[in-house]
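Undergrad: One structure, as structure tokens, below. Some questions next.
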Amino acid sequence: MVKKFKSISYILAFFSGIILILLIDYDQPSDLKSIKETPSINNQSKAVSSIPSNWNSIKPTSSMRDKEYKITNSKGEFNLIVFKNIGGSTEQNISRWIGQFSGTENPLFPLQQKEIEQNGKNFIFIQNSGYFNGGMGQTKAFEDAGLIAFIVEDKSDIYYYKAVSSVEILLESKEQIISTILSSNL
């Protein structure tokens with residue numbers, strides 16, 4: 001009898017999650033210039049329980065950073081910077097990150113913002129591309145730059161994950177970054 005109610009509870013929780021995802025998709029803000037679907041967030045195929053072998057934890061290059069990873073793929077390498085409980089609201093940080101780009105976005109890497117709730121945490125995914133104007137810790141400006149970022153809100157802390165590199169390099173690691181952040185505690 002208890003097993004039957006437990007199974008029903010799991011099934012209801014699963015379908016509730018799907019409904020929430022659909023509602024989030026429906027209620028996306030329309031004021032951002034080109035928010036599109038991010039299939040990799042909706043269609044998680046593998047759970048990742050550890051840091052991928054091509055991610056090397058390095059000493060943060062600034063005292064403001066909680067963690068930092070050097071990620072290597074066949075196209076090059078870049079750093080994924082992790083901040084914890086930094087200043088400014090979630091919206092202010094998203095606006096600042098998006099505002100660090102100007103010019104024409106790369107059609108392979110359009111502006112996206114997606115929110116998903118999973119495992120008691122709220123995840124906000126941000127992607128953008130264009131001319132990177134420079135920014136804190138990444139002052140060098142350059143063309144055809146891309147941004148992959150997450151803001152992860154759990155019960156007591158807010159974590160900010162940010163990677164800026166060429167679109168070509170980031171595109172190869174995009175799926176891995178998304179699945180790693182959504183599936184594990186970095």
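Every chain in the structure tokens has a letter given in the order shown (A, B, ...), and although residue numbers restart at 1 in each chain, ligands are simply numbered from 1 in the order shown.
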Pick out the residues sitting within 12 Å of Thr61 in chain A, and hand them over as a ChimeraX atom specification; count only C-alpha atoms, and ignore anything fewer than 3 positions along from it in its own chain.

TA: /A:57-58,64-70,79-83,136-138

Undergrad: Rank A:Lys84, A:Leu170, A:Ser63, A:Ser74 by their smallest atom-to-atom distance to Asp157 in chain A, using only C-alpha atoms, and report the top residue only.

TA: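 That would be A:Lys84, the residue with the smallest distance to Asp157 in chain A.
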
Undergrad: Could you check which of A:Gly130, A:Pro107, A:Gly76, A:Pro60 is closest to Ser173 in chain A, using only C-alpha atoms?

TA: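 Of all the options, A:Gly76 lies closest to Ser173 in chain A.
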
Undergrad: Using only C-alpha atoms, can you tell me which of A:Ala141, A:Glu115, A:Gln127, A:Pro110 comes closest to Ile98 in chain A?

TA: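 Using only C-alpha atoms, the shortest distance to Ile98 in chain A belongs to A:Gln127.
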
Undergrad: What is the CA of Leu182 in chain A-CA of Ile71 in chain A distance in Å, reported with one decimal?

TA: 16.9 Å

Undergrad: Would you compute the distance between CA of Phe101 in chain A and CA of Gly88 in chain A? Give it in Å to one decimal.

TA: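 One can read the CA of Phe101 in chain A to CA of Gly88 in chain A distance as 19.1 Å.
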
Undergrad: Restricting the calculation to only C-alpha atoms, which member of A:Ser129, A:Asn93, A:Gln113, A:Ser102 is positioned closest to Ser165 in chain A?

TA: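 Checking each of A:Ser129, A:Asn93, A:Gln113, A:Ser102 against Ser165 in chain A, counting only C-alpha atoms, the winner is A:Ser129.
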
Undergrad: CA of Ile148 in chain A and CA of Ser179 in chain A, how far apart in Å?

TA: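 Calculated distance between CA of Ser179 in chain A and CA of Ile148 in chain A is 12.6 Å.
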
Undergrad: Going by DSSP on the backbone, which bits of range 45-154 of chain A are helix (DSSP H, G or I)? Write them as an MDAnalysis selection string, please.

TA: chainID A and resid 90:99

Undergrad: Closest to Ser166 in chain A among A:Asn119, A:Gln112, A:Gln92, A:Asn106, using only C-alpha atoms?

TA: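 The shortest atom-to-atom distance to Ser166 in chain A comes from A:Asn106.
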
Undergrad: For Leu171 in chain A, which of A:Asn133, A:Lys75, A:Phe125, A:Arg96 is the closest residue, counting only C-alpha atoms?

TA: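 The closest residue to Leu171 in chain A is A:Lys75.
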
Undergrad: Please identify which residues in range 41-163 of chain A DSSP calls strand (DSSP E) from the backbone, and express them as a PyMOL selection string.

TA: chain A and resi 55-58+67-73+76-84+101-102+112-118+121-132+142-153+158-163
